[in-house]
file final_22.cif (mmCIF, C-alpha atoms)
data_target
#
loop_
_atom_site.group_PDB
_atom_site.id
_atom_site.type_symbol
_atom_site.label_atom_id
_atom_site.label_comp_id
_atom_site.auth_asym_id
_atom_site.auth_seq_id
_atom_site.Cartn_x
_atom_site.Cartn_y
_atom_site.Cartn_z
ATOM 1 C CA MET V 11 -10.268 9.476 7.521
ATOM 2 C CA SER V 12 -8.223 10.667 10.477
ATOM 3 C CA ASP V 13 -10.482 8.870 12.947
ATOM 4 C CA PHE V 14 -10.316 5.718 10.882
ATOM 5 C CA LEU V 15 -6.520 5.787 10.710
ATOM 6 C CA ALA V 16 -6.313 6.456 14.436
ATOM 7 C CA SER V 17 -8.501 3.429 15.083
ATOM 8 C CA VAL V 18 -6.338 1.015 13.098
ATOM 9 C CA GLU V 19 -2.811 2.385 13.381
ATOM 10 C CA LYS V 20 -1.632 0.401 16.410
ATOM 11 C CA ARG V 21 -2.914 -2.895 15.091
ATOM 12 C CA ALA V 22 -1.434 -2.092 11.698
ATOM 13 C CA PHE V 23 1.938 -1.523 13.322
ATOM 14 C CA LYS V 24 1.775 -4.806 15.233
ATOM 15 C CA GLN V 25 0.665 -6.677 12.123
ATOM 16 C CA ALA V 26 3.657 -5.295 10.255
ATOM 17 C CA VAL V 27 5.957 -6.213 13.155
ATOM 18 C CA TYR V 28 4.644 -9.788 13.200
ATOM 19 C CA ALA V 29 5.312 -10.001 9.475
ATOM 20 C CA VAL V 30 8.689 -8.305 9.057
ATOM 21 C CA ARG V 31 9.984 -8.580 12.648
ATOM 22 C CA GLN V 32 11.648 -5.175 12.516
ATOM 23 C CA ASP V 33 10.118 -2.209 14.276
ATOM 24 C CA GLU V 34 11.713 0.390 11.992
ATOM 25 C CA SER V 35 10.542 -1.317 8.822
ATOM 26 C CA ALA V 36 7.097 -1.845 10.352
ATOM 27 C CA LEU V 37 6.839 1.879 11.075
ATOM 28 C CA ASP V 38 7.772 2.659 7.473
ATOM 29 C CA ILE V 39 5.190 0.183 6.209
ATOM 30 C CA VAL V 40 2.450 1.758 8.309
ATOM 31 C CA GLN V 41 3.448 5.226 7.115
ATOM 32 C CA ASP V 42 3.420 4.197 3.456
ATOM 33 C CA SER V 43 0.049 2.491 3.842
ATOM 34 C CA MET V 44 -1.538 5.479 5.554
ATOM 35 C CA LEU V 45 -0.167 7.846 2.949
ATOM 36 C CA LYS V 46 -1.453 5.713 0.127
ATOM 37 C CA ILE V 47 -5.000 5.365 1.409
ATOM 38 C CA ALA V 48 -5.185 9.085 2.197
ATOM 39 C CA GLU V 49 -3.864 10.094 -1.209
ATOM 40 C CA LYS V 50 -5.620 7.614 -3.464
ATOM 41 C CA TYR V 51 -8.815 6.481 -1.825
ATOM 42 C CA SER V 52 -10.365 9.553 -0.258
ATOM 43 C CA ASP V 53 -13.427 9.195 -2.495
ATOM 44 C CA ARG V 54 -14.304 5.731 -1.195
ATOM 45 C CA PRO V 55 -17.197 5.231 1.225
ATOM 46 C CA THR V 56 -16.161 4.970 4.865
ATOM 47 C CA GLY V 57 -17.411 1.396 5.031
ATOM 48 C CA GLU V 58 -14.848 0.302 2.457
ATOM 49 C CA LEU V 59 -11.876 1.837 4.252
ATOM 50 C CA PRO V 60 -11.063 -1.097 6.586
ATOM 51 C CA MET V 61 -10.836 -3.588 3.719
ATOM 52 C CA LEU V 62 -8.947 -1.143 1.488
ATOM 53 C CA PHE V 63 -6.480 -0.257 4.210
ATOM 54 C CA GLN V 64 -5.802 -3.895 4.958
ATOM 55 C CA ARG V 65 -5.257 -4.618 1.285
ATOM 56 C CA ILE V 66 -2.802 -1.736 1.041
ATOM 57 C CA LEU V 67 -1.054 -2.793 4.251
ATOM 58 C CA GLN V 68 -0.646 -6.396 3.130
ATOM 59 C CA ASN V 69 0.600 -5.301 -0.298
ATOM 60 C CA THR V 70 3.089 -2.943 1.311
ATOM 61 C CA ILE V 71 4.340 -5.780 3.503
ATOM 62 C CA ARG V 72 4.697 -8.014 0.441
ATOM 63 C CA ASN V 73 6.582 -5.253 -1.390
ATOM 64 C CA TRP V 74 8.906 -4.938 1.589
ATOM 65 C CA PHE V 75 9.730 -8.630 1.307
ATOM 66 C CA ARG V 76 10.301 -8.305 -2.436
ATOM 67 C CA ARG V 77 12.705 -5.423 -1.924
ATOM 68 C CA SER V 78 14.445 -7.341 0.848
ATOM 69 C CA LYS V 79 14.936 -10.289 -1.484
ATOM 70 C CA VAL V 80 16.607 -8.052 -3.999
ATOM 71 C CA ARG V 81 18.748 -6.371 -1.347
ATOM 72 C CA SER V 82 19.969 -9.511 0.239
ATOM 73 C CA THR V 83 19.652 -13.144 -0.554
ATOM 74 C CA TRP V 84 20.703 -13.851 3.001
ATOM 75 C CA THR V 85 17.522 -12.343 4.319
ATOM 76 C CA THR V 86 15.546 -14.740 2.198
ATOM 77 C CA LEU V 87 17.635 -17.708 3.221
ATOM 78 C CA PHE V 88 17.288 -17.123 6.919
ATOM 79 C CA SER V 89 13.754 -15.849 6.960
ATOM 80 C CA SER V 90 11.601 -18.703 8.104
ATOM 81 C CA PHE V 91 8.426 -17.843 6.279
ATOM 82 C CA GLY V 92 8.634 -14.193 5.392
ATOM 83 C CA GLY V 93 8.048 -13.111 1.809
ATOM 84 C CA LYS V 94 6.783 -16.494 0.762
ATOM 85 C CA ASP V 95 3.408 -15.770 -0.719
ATOM 86 C CA ASP V 96 2.763 -19.187 -2.065
ATOM 87 C CA ASP V 97 3.071 -21.164 1.121
ATOM 88 C CA ASP V 98 -0.223 -22.982 1.080
ATOM 89 C CA ASP V 99 1.485 -26.342 1.168
ATOM 90 C CA PHE V 100 3.709 -25.505 4.065
ATOM 91 C CA ASP V 101 2.537 -27.017 7.298
ATOM 92 C CA ILE V 102 4.094 -25.565 10.401
ATOM 93 C CA LEU V 103 2.772 -28.487 12.411
ATOM 94 C CA GLU V 104 5.264 -30.747 10.708
ATOM 95 C CA SER V 105 8.141 -28.772 12.160
ATOM 96 C CA ILE V 106 6.991 -28.215 15.703
ATOM 97 C CA GLN V 107 8.712 -30.264 18.308
ATOM 98 C CA ALA V 108 7.144 -30.468 21.709
ATOM 99 C CA ASP V 109 9.000 -28.684 24.449
ATOM 100 C CA GLU V 110 10.234 -30.905 27.202
ATOM 101 C CA GLY V 111 7.793 -31.006 30.037
ATOM 102 C CA ALA V 112 4.985 -29.572 27.989
ATOM 103 C CA ASN V 113 2.687 -32.310 29.143
ATOM 104 C CA VAL V 114 3.420 -31.718 32.774
ATOM 105 C CA PRO V 115 0.111 -30.741 34.312
ATOM 106 C CA VAL V 116 1.034 -27.327 35.669
ATOM 107 C CA SER V 117 -1.039 -24.195 35.453
ATOM 108 C CA PRO V 118 0.542 -21.722 33.013
ATOM 109 C CA SER V 119 -1.437 -18.837 34.425
ATOM 110 C CA ALA V 120 0.212 -19.439 37.768
ATOM 111 C CA GLN V 121 3.699 -19.459 36.282
ATOM 112 C CA LEU V 122 3.612 -16.820 33.634
ATOM 113 C CA GLU V 123 3.088 -13.149 33.947
ATOM 114 C CA GLN V 124 0.812 -11.505 31.442
ATOM 115 C CA SER V 125 3.696 -10.069 29.453
ATOM 116 C CA GLN V 126 5.372 -13.437 29.195
ATOM 117 C CA LEU V 127 2.184 -15.030 27.987
ATOM 118 C CA LEU V 128 1.728 -12.257 25.487
ATOM 119 C CA LYS V 129 5.269 -12.718 24.241
ATOM 120 C CA ILE V 130 4.655 -16.400 23.665
ATOM 121 C CA ILE V 131 1.438 -15.729 21.808
ATOM 122 C CA GLU V 132 3.082 -13.034 19.711
ATOM 123 C CA ASN V 133 5.949 -15.369 18.894
ATOM 124 C CA ALA V 134 3.451 -18.013 17.863
ATOM 125 C CA VAL V 135 1.689 -15.515 15.616
ATOM 126 C CA GLU V 136 5.027 -14.488 14.097
ATOM 127 C CA ARG V 137 5.857 -18.105 13.343
ATOM 128 C CA LEU V 138 2.719 -18.653 11.309
ATOM 129 C CA PRO V 139 3.128 -18.864 7.540
ATOM 130 C CA ALA V 140 2.474 -15.457 6.028
ATOM 131 C CA ARG V 141 -0.855 -16.222 4.391
ATOM 132 C CA GLN V 142 -2.228 -17.975 7.464
ATOM 133 C CA ARG V 143 -1.220 -15.072 9.674
ATOM 134 C CA GLU V 144 -2.709 -12.611 7.225
ATOM 135 C CA ALA V 145 -6.029 -14.443 7.091
ATOM 136 C CA PHE V 146 -6.189 -14.835 10.860
ATOM 137 C CA MET V 147 -5.386 -11.190 11.500
ATOM 138 C CA LEU V 148 -7.858 -9.809 8.999
ATOM 139 C CA ARG V 149 -10.650 -12.172 9.936
ATOM 140 C CA TYR V 150 -10.364 -12.140 13.703
ATOM 141 C CA TRP V 151 -8.318 -9.115 14.740
ATOM 142 C CA GLU V 152 -9.615 -6.668 12.158
ATOM 143 C CA GLU V 153 -13.034 -8.343 12.225
ATOM 144 C CA LEU V 154 -13.470 -8.330 8.452
ATOM 145 C CA ASP V 155 -15.995 -10.834 7.166
ATOM 146 C CA VAL V 156 -14.908 -13.698 4.920
ATOM 147 C CA ALA V 157 -15.735 -11.824 1.704
ATOM 148 C CA GLU V 158 -13.824 -8.711 2.765
ATOM 149 C CA THR V 159 -10.876 -10.791 3.905
ATOM 150 C CA ALA V 160 -10.839 -12.585 0.570
ATOM 151 C CA GLU V 161 -10.883 -9.274 -1.285
ATOM 152 C CA ALA V 162 -8.127 -7.821 0.862
ATOM 153 C CA MET V 163 -5.993 -10.923 0.385
ATOM 154 C CA GLY V 164 -6.798 -11.347 -3.285
ATOM 155 C CA CYS V 165 -7.926 -14.931 -2.930
ATOM 156 C CA SER V 166 -11.142 -16.941 -2.774
ATOM 157 C CA GLN V 167 -13.407 -17.117 0.267
ATOM 158 C CA GLY V 168 -12.685 -20.827 0.476
ATOM 159 C CA SER V 169 -8.965 -20.095 0.745
ATOM 160 C CA VAL V 170 -9.633 -17.631 3.555
ATOM 161 C CA LYS V 171 -11.494 -20.287 5.529
ATOM 162 C CA THR V 172 -8.737 -22.801 4.918
ATOM 163 C CA HIS V 173 -6.003 -20.353 5.941
ATOM 164 C CA CYS V 174 -7.932 -19.413 9.079
ATOM 165 C CA SER V 175 -8.504 -23.022 10.103
ATOM 166 C CA ARG V 176 -4.864 -23.860 9.559
ATOM 167 C CA ALA V 177 -3.756 -20.769 11.449
ATOM 168 C CA VAL V 178 -5.939 -21.641 14.419
ATOM 169 C CA ALA V 179 -4.749 -25.249 14.382
ATOM 170 C CA SER V 180 -1.114 -24.141 14.150
ATOM 171 C CA LEU V 181 -1.487 -21.589 16.939
ATOM 172 C CA SER V 182 -3.266 -24.098 19.111
ATOM 173 C CA THR V 183 -0.480 -26.600 18.608
ATOM 174 C CA LEU V 184 2.279 -24.029 19.085
ATOM 175 C CA LEU V 185 0.760 -22.870 22.346
ATOM 176 C CA LYS V 186 0.075 -26.377 23.502
ATOM 177 C CA ALA V 187 3.733 -27.139 22.897
ATOM 178 C CA LYS V 188 4.508 -24.349 25.359
ATOM 179 C CA GLY V 189 2.048 -25.745 27.840
ATOM 180 C CA ILE V 190 -0.476 -22.985 27.298
ATOM 181 C CA SER V 191 -4.159 -23.397 26.788
ATOM 182 C CA ILE V 192 -6.073 -20.525 25.328
ATOM 183 C CA GLU V 193 -8.340 -20.426 28.364
ATOM 184 C CA SER V 194 -5.338 -19.165 30.314
ATOM 185 C CA ALA V 195 -4.923 -16.347 27.830
ATOM 186 C CA LEU V 196 -8.533 -15.364 28.322
ATOM 187 C CA ARG V 197 -8.216 -15.470 32.079
ATOM 188 C CA THR V 198 -5.221 -13.147 32.131
ATOM 189 C CA ASP V 199 -6.398 -9.551 32.246
ATOM 190 C CA MET D 16 7.314 -35.943 19.676
ATOM 191 C CA ILE D 17 5.457 -34.090 16.946
ATOM 192 C CA TYR D 18 2.126 -32.494 17.641
ATOM 193 C CA ARG D 19 -0.678 -32.974 15.187
ATOM 194 C CA ALA D 20 -3.421 -30.506 14.546
ATOM 195 C CA THR D 21 -6.652 -31.072 16.315
ATOM 196 C CA THR D 22 -9.630 -30.154 14.215
ATOM 197 C CA MET D 23 -11.969 -27.562 15.627
ATOM 198 C CA ASP D 24 -15.481 -26.743 14.657
ATOM 199 C CA ASP D 25 -16.504 -23.186 13.830
ATOM 200 C CA LYS D 26 -17.485 -22.325 17.372
ATOM 201 C CA GLN D 27 -14.283 -23.691 18.864
ATOM 202 C CA GLU D 28 -12.256 -21.885 16.239
ATOM 203 C CA LYS D 29 -13.960 -18.584 17.014
ATOM 204 C CA ASN D 30 -13.504 -19.054 20.754
ATOM 205 C CA PHE D 31 -9.867 -19.850 20.313
ATOM 206 C CA ALA D 32 -9.387 -16.841 18.021
ATOM 207 C CA ARG D 33 -11.142 -14.668 20.591
ATOM 208 C CA GLY D 34 -8.595 -15.717 23.187
ATOM 209 C CA ILE D 35 -5.662 -14.919 20.923
ATOM 210 C CA VAL D 36 -7.132 -11.570 19.903
ATOM 211 C CA HIS D 37 -7.778 -10.726 23.534
ATOM 212 C CA SER D 38 -4.085 -11.165 24.268
ATOM 213 C CA LEU D 39 -2.983 -9.289 21.184
ATOM 214 C CA ASN D 40 -5.197 -6.368 22.169
ATOM 215 C CA LEU D 41 -3.557 -6.280 25.579
ATOM 216 C CA GLY D 42 -0.250 -6.075 23.763
ATOM 217 C CA LEU D 43 -1.269 -2.854 22.027
ATOM 218 C CA SER D 44 -0.941 -0.985 25.297
ATOM 219 C CA GLN D 45 2.676 -2.082 25.540
ATOM 220 C CA ILE D 46 3.848 -0.304 22.396
ATOM 221 C CA GLU D 47 6.626 2.093 23.347
ATOM 222 C CA GLU D 48 5.871 5.808 23.398
ATOM 223 C CA ASP D 49 8.509 6.701 20.789
ATOM 224 C CA LYS D 50 6.923 4.291 18.346
ATOM 225 C CA LEU D 51 3.459 5.646 19.072
ATOM 226 C CA ALA D 52 4.802 9.119 18.355
ATOM 227 C CA ARG D 53 6.172 7.951 14.998
ATOM 228 C CA ILE D 54 2.810 6.362 14.148
ATOM 229 C CA ARG D 55 0.977 9.579 15.055
ATOM 230 C CA LYS D 56 3.381 11.555 12.902
ATOM 231 C CA SER D 57 2.748 9.179 10.002
ATOM 232 C CA ARG D 58 -0.985 9.738 10.385
ATOM 233 C CA GLN D 59 -0.518 13.511 10.385
ATOM 234 C CA ARG D 60 1.612 13.244 7.250
ATOM 235 C CA ALA D 61 -1.057 11.135 5.583
ATOM 236 C CA MET D 62 -3.746 13.617 6.548
ATOM 237 C CA ALA D 63 -1.671 16.453 5.095
ATOM 238 C CA ALA D 64 -1.841 14.640 1.761
ATOM 239 C CA TYR D 65 -5.549 13.927 2.150
ATOM 240 C CA ARG D 66 -8.030 15.942 0.073
ATOM 241 C CA GLU D 67 -11.714 15.906 0.890
ATOM 242 C CA PRO D 68 -13.690 14.081 -1.809
ATOM 243 C CA VAL D 69 -15.533 16.361 -4.227
ATOM 244 C CA THR D 70 -18.994 15.657 -5.623
ATOM 245 C CA ILE D 71 -19.467 16.864 -9.200
ATOM 246 C CA LEU D 72 -23.042 17.977 -10.019
ATOM 247 C CA GLY D 73 -24.271 15.818 -7.167
ATOM 248 C CA MET D 74 -23.617 12.751 -9.254
ATOM 249 C CA VAL D 75 -20.033 11.613 -9.134
ATOM 250 C CA THR D 76 -17.785 11.709 -6.119
ATOM 251 C CA VAL D 77 -14.124 11.888 -6.943
ATOM 252 C CA SER D 78 -11.040 12.108 -4.835
ATOM 253 C CA GLY D 79 -10.002 15.651 -4.017
ATOM 254 C CA GLN D 80 -6.606 14.599 -5.264
ATOM 255 C CA THR D 81 -8.054 14.087 -8.742
ATOM 256 C CA LEU D 82 -9.118 17.713 -9.050
ATOM 257 C CA ASP D 83 -5.982 19.115 -7.477
ATOM 258 C CA ILE D 84 -4.235 20.835 -10.410
ATOM 259 C CA SER D 85 -0.913 21.056 -8.565
ATOM 260 C CA ASN D 86 -0.957 17.291 -8.437
ATOM 261 C CA TRP D 87 -1.419 17.023 -12.199
ATOM 262 C CA ILE D 88 1.239 19.582 -13.030
ATOM 263 C CA ARG D 89 3.877 17.394 -11.445
ATOM 264 C CA LYS D 90 3.067 14.505 -13.786
ATOM 265 C CA PRO D 91 5.076 14.367 -17.037
ATOM 266 C CA LEU D 92 2.133 12.889 -18.926
ATOM 267 C CA PHE D 93 0.090 15.978 -18.125
ATOM 268 C CA TRP D 94 2.434 18.074 -20.276
ATOM 269 C CA LEU D 95 2.522 15.689 -23.212
ATOM 270 C CA PRO D 96 -0.808 16.692 -24.876
ATOM 271 C CA ILE D 97 -0.086 20.379 -24.222
ATOM 272 C CA LEU D 98 3.306 20.016 -25.899
ATOM 273 C CA ALA D 99 1.772 18.125 -28.824
ATOM 274 C CA ILE D 100 -0.890 20.808 -29.373
ATOM 275 C CA SER D 101 1.746 23.574 -29.198
ATOM 276 C CA VAL D 102 3.927 21.814 -31.756
ATOM 277 C CA ALA D 103 0.935 21.251 -34.052
ATOM 278 C CA ILE D 104 -0.118 24.928 -33.912
ATOM 279 C CA GLY D 105 3.468 26.110 -34.426
ATOM 280 C CA GLY D 106 3.970 23.772 -37.358
ATOM 281 C CA TYR D 107 0.733 24.847 -38.986
ATOM 282 C CA SER D 108 1.499 28.555 -38.702
ATOM 283 C CA LEU D 109 4.919 28.002 -40.311
ATOM 284 C CA SER D 110 3.505 25.925 -43.127
ATOM 285 C CA VAL D 111 0.818 28.479 -44.102
ATOM 286 C CA PRO D 112 2.391 30.827 -46.715
ATOM 287 C CA ASP D 113 2.456 34.536 -46.061
ATOM 288 C CA GLU D 114 -0.081 35.807 -48.633
ATOM 289 C CA LYS D 115 1.195 39.395 -48.611
ATOM 290 C CA PHE D 116 4.740 38.283 -49.307
ATOM 291 C CA ASP D 117 3.501 36.062 -52.095
ATOM 292 C CA GLU D 118 1.565 38.929 -53.570
ATOM 293 C CA THR D 119 4.565 41.311 -53.625
ATOM 294 C CA GLY D 120 6.997 38.610 -54.628
ATOM 295 C CA GLY D 121 4.728 37.456 -57.424
ATOM 296 C CA GLU D 122 4.335 40.982 -58.754
ATOM 297 C CA LEU D 123 8.114 41.523 -58.809
ATOM 298 C CA ASP D 124 8.582 38.207 -60.587
ATOM 299 C CA ALA D 125 6.046 39.255 -63.217
ATOM 300 C CA GLN D 126 7.716 42.643 -63.705
ATOM 301 C CA LEU D 127 11.111 40.979 -64.012
ATOM 302 C CA LEU D 128 9.788 38.519 -66.588
ATOM 303 C CA THR D 129 8.047 41.146 -68.614
ATOM 304 C CA GLY D 130 11.150 43.308 -68.557
ATOM 305 C CA GLU D 131 9.458 46.171 -66.715
ATOM 306 C CA LEU D 132 11.898 45.808 -63.889
ATOM 307 C CA PRO D 133 15.573 45.652 -64.762
ATOM 308 C CA ILE D 134 17.472 42.967 -62.937
ATOM 309 C CA ASN D 135 19.956 45.605 -61.818
ATOM 310 C CA ALA D 136 17.195 47.004 -59.633
ATOM 311 C CA PHE D 137 18.114 44.333 -57.089
ATOM 312 C CA LEU D 138 21.565 45.916 -56.829
ATOM 313 C CA ASP D 139 20.042 49.242 -55.813
ATOM 314 C CA LYS D 140 20.420 49.687 -52.036
ATOM 315 C CA ASP D 141 17.048 51.464 -51.743
ATOM 316 C CA PHE D 142 15.185 48.773 -53.661
ATOM 317 C CA GLY D 143 14.822 46.547 -50.606
ATOM 318 C CA SER D 144 13.234 49.306 -48.547
ATOM 319 C CA TRP D 145 10.939 50.173 -51.485
ATOM 320 C CA VAL D 146 9.759 46.571 -51.667
ATOM 321 C CA GLN D 147 9.071 46.545 -47.944
ATOM 322 C CA GLU D 148 7.146 49.806 -48.072
ATOM 323 C CA SER D 149 5.057 48.676 -50.992
ATOM 324 C CA SER D 150 4.178 45.422 -49.261
ATOM 325 C CA GLN D 151 2.788 47.243 -46.210
#

call {"tool": "encode", "arguments": {"input": "final_22.cif", "output": "structure tokens"}}
result
Amino acid sequence: MSDFLASVEKRAFKQAVYAVRQDESALDIVQDSMLKIAEKYSDRPTGELPMLFQRILQNTIRNWFRRSKVRSTWTTLFSSFGGKDDDDDFDILESIQADEGANVPVSPSAQLEQSQLLKIIENAVERLPARQREAFMLRYWEELDVAETAEAMGCSQGSVKTHCSRAVASLSTLLKAKGISIESALRTD
Amino acid sequence: MIYRATTMDDKQEKNFARGIVHSLNLGLSQIEEDKLARIRKSRQRAMAAYREPVTILGMVTVSGQTLDISNWIRKPLFWLPILAISVAIGGYSLSVPDEKFDETGGELDAQLLTGELPINAFLDKDFGSWVQESSQ
């Protein structure tokens, strides 16, 4: 269990940060999730732990948004996408305006340092609708298969595929709007 | 100008995702040390609460937490059946009549009714102790 938690803790923290955009709250979310899986699911086979942990993490994030809604209606009003579980119909692409000069043929890798590029990508990930980000993270970052992702998210496998496709399309467009192609991200080591 | 999504096939989608994930992984090394320390502490706290799973008769594996009695004692519902059983036993023992008392009491009643025992006997200060002695 300890090895498993050590292997996922950093990504769990970043996932929580992308969702709630507050480091302190993200740390609390990770702590609660770790505590819960250690207390309640110690009898589960090791192979099930990644999916279970992700399900707990995502539920803890959702609970954080619910509590935030109760605490302050302002948080809900000004939160772009956070806490909105049922955002399947929302299309981020409708709201993205192209940055001026985005079509200028310059090489981003020559202009941006790695940290800047990372910041842009992280911002793009943060701007994704919650369910799209969740699906993308579980499927590609946590490397769960479609069935596991669906179980962790509590939705159908078809929904997972849809969320992933939309997430990739949205990210692609967001990055393109910043003049970044994903090849440049891969080149930057 | 508004960008529109460009559709990607599975391979393109995976390649694109690989690029994003590659960057995100690089970002993990940039987490500040104080936050890493908090995360480590959280893990240690979780492991303190962790109980090794226990296999019962080689058949069923249950969480160590399930068999931890100290965990159960803290739950109010754990005490409910114990309280109910205690109340039931207490109630039963009170409702069962004391046979010895009935025996002595019944005998005195009979003697009173048949006139063998004068009613003034109850006014005698030693009568109570005599009744007690005779019932033992």

call {"tool": "closest_residue", "arguments": {"input": "final_22.cif", "among": "V:Arg65, V:Asn73, V:Glu132, V:Leu148", "to": "chain D", "atoms": "all atoms listed in the file"}}
result
V:Glu132

call {"tool": "atom_distance", "arguments": {"input": "final_22.cif", "atom1": "CA of Leu43 in chain D", "atom2": "CA of Ala145 in chain V"}}
result
19.5 Å

call {"tool": "closest_residue", "arguments": {"input": "final_22.cif", "among": "V:Gln68, V:Gln32, V:Gln25, V:Ser52", "to": "chain D", "atoms": "only C-alpha atoms"}}
result
V:Ser52

call {"tool": "resolve_selection", "arguments": {"input": "final_22.cif", "expression": "the PyMOL selection byres ((chain V and resi 36-51) around 8)", "output": "VMD selection string"}}
result
(chain V and resid 11 15 19 22 to 24 26 to 27 30 to 35 52 to 54 62 to 63 66 to 67 70 to 71 74) or (chain D and resid 50 53 to 54 57 to 58 60 to 62 64 to 66 78 80)

call {"tool": "write_last_selection", "arguments": {"input": "final_22.cif", "atoms": "C-alpha atoms", "output": "PDB file, in the frame of the given file"}}
result
ATOM      1  CA  MET V  11     -10.268   9.476   7.521  1.00  0.00           C
ATOM      2  CA  LEU V  15      -6.520   5.787  10.710  1.00  0.00           C
ATOM      3  CA  GLU V  19      -2.811   2.385  13.381  1.00  0.00           C
ATOM      4  CA  ALA V  22      -1.434  -2.092  11.698  1.00  0.00           C
ATOM      5  CA  PHE V  23       1.938  -1.523  13.322  1.00  0.00           C
ATOM      6  CA  LYS V  24       1.775  -4.806  15.233  1.00  0.00           C
ATOM      7  CA  ALA V  26       3.657  -5.295  10.255  1.00  0.00           C
ATOM      8  CA  VAL V  27       5.957  -6.213  13.155  1.00  0.00           C
ATOM      9  CA  VAL V  30       8.689  -8.305   9.057  1.00  0.00           C
ATOM     10  CA  ARG V  31       9.984  -8.580  12.648  1.00  0.00           C
ATOM     11  CA  GLN V  32      11.648  -5.175  12.516  1.00  0.00           C
ATOM     12  CA  ASP V  33      10.118  -2.209  14.276  1.00  0.00           C
ATOM     13  CA  GLU V  34      11.713   0.390  11.992  1.00  0.00           C
ATOM     14  CA  SER V  35      10.542  -1.317   8.822  1.00  0.00           C
ATOM     15  CA  SER V  52     -10.365   9.553  -0.258  1.00  0.00           C
ATOM     16  CA  ASP V  53     -13.427   9.195  -2.495  1.00  0.00           C
ATOM     17  CA  ARG V  54     -14.304   5.731  -1.195  1.00  0.00           C
ATOM     18  CA  LEU V  62      -8.947  -1.143   1.488  1.00  0.00           C
ATOM     19  CA  PHE V  63      -6.480  -0.257   4.210  1.00  0.00           C
ATOM     20  CA  ILE V  66      -2.802  -1.736   1.041  1.00  0.00           C
ATOM     21  CA  LEU V  67      -1.054  -2.793   4.251  1.00  0.00           C
ATOM     22  CA  THR V  70       3.089  -2.943   1.311  1.00  0.00           C
ATOM     23  CA  ILE V  71       4.340  -5.780   3.503  1.00  0.00           C
ATOM     24  CA  TRP V  74       8.906  -4.938   1.589  1.00  0.00           C
TER      25      TRP V  74
ATOM     26  CA  LYS D  50       6.923   4.291  18.346  1.00  0.00           C
ATOM     27  CA  ARG D  53       6.172   7.951  14.998  1.00  0.00           C
ATOM     28  CA  ILE D  54       2.810   6.362  14.148  1.00  0.00           C
ATOM     29  CA  SER D  57       2.748   9.179  10.002  1.00  0.00           C
ATOM     30  CA  ARG D  58      -0.985   9.738  10.385  1.00  0.00           C
ATOM     31  CA  ARG D  60       1.612  13.244   7.250  1.00  0.00           C
ATOM     32  CA  ALA D  61      -1.057  11.135   5.583  1.00  0.00           C
ATOM     33  CA  MET D  62      -3.746  13.617   6.548  1.00  0.00           C
ATOM     34  CA  ALA D  64      -1.841  14.640   1.761  1.00  0.00           C
ATOM     35  CA  TYR D  65      -5.549  13.927   2.150  1.00  0.00           C
ATOM     36  CA  ARG D  66      -8.030  15.942   0.073  1.00  0.00           C
ATOM     37  CA  SER D  78     -11.040  12.108  -4.835  1.00  0.00           C
ATOM     38  CA  GLN D  80      -6.606  14.599  -5.264  1.00  0.00           C
TER      39      GLN D  80
END

call {"tool": "closest_residue", "arguments": {"input": "final_22.cif", "among": "V:Asn69, V:Ala134, V:Leu59, V:Lys20", "to": "Glu47 in chain D", "atoms": "all atoms listed in the file"}}
result
V:Lys20

call {"tool": "closest_residue", "arguments": {"input": "final_22.cif", "among": "V:Glu161, V:Arg143, V:Gly57, V:Val80", "to": "chain D", "atoms": "all atoms listed in the file"}}
result
V:Arg143

call {"tool": "closest_residue", "arguments": {"input": "final_22.cif", "among": "V:Val170, V:Ala29, V:Leu127, V:Ala157", "to": "chain D", "atoms": "only C-alpha atoms"}}
result
V:Leu127

call {"tool": "residues_around", "arguments": {"input": "final_22.cif", "residues": "Leu181 in chain V", "least_positions_apart": "5", "cutoff": "9 Å", "atoms": "all atoms listed in the file", "output": "VMD selection string"}}
result
(chain V and resid 131 134 to 135 137 to 138 176 186) or (chain D and resid 35)

call {"tool": "build_atoms", "arguments": {"input": "final_22.cif", "residues": "range 140-145 of chain V", "atoms": "N, CA, C and O atoms", "output": "short mmCIF file (atom, residue, chain, number, x, y, z; two decimals), in the coordinates of the input"}}
result
data_model
loop_
_atom_site.label_atom_id
_atom_site.label_comp_id
_atom_site.auth_asym_id
_atom_site.auth_seq_id
_atom_site.Cartn_x
_atom_site.Cartn_y
_atom_site.Cartn_z
N ALA V 140 2.98 -16.81 6.30
CA ALA V 140 2.47 -15.46 6.03
C ALA V 140 0.98 -15.41 5.70
O ALA V 140 0.24 -14.59 6.23
N ARG V 141 0.55 -16.29 4.81
CA ARG V 141 -0.86 -16.22 4.39
C ARG V 141 -1.80 -16.63 5.51
O ARG V 141 -2.90 -16.08 5.64
N GLN V 142 -1.38 -17.58 6.32
CA GLN V 142 -2.23 -17.98 7.46
C GLN V 142 -2.35 -16.82 8.47
O GLN V 142 -3.43 -16.52 8.97
N ARG V 143 -1.20 -16.20 8.72
CA ARG V 143 -1.22 -15.07 9.67
C ARG V 143 -2.10 -13.95 9.14
O ARG V 143 -2.91 -13.36 9.87
N GLU V 144 -1.93 -13.68 7.86
CA GLU V 144 -2.71 -12.61 7.22
C GLU V 144 -4.21 -12.88 7.37
O GLU V 144 -4.97 -12.00 7.79
N ALA V 145 -4.60 -14.09 7.03
CA ALA V 145 -6.03 -14.44 7.09
C ALA V 145 -6.55 -14.34 8.53
O ALA V 145 -7.62 -13.79 8.78
#
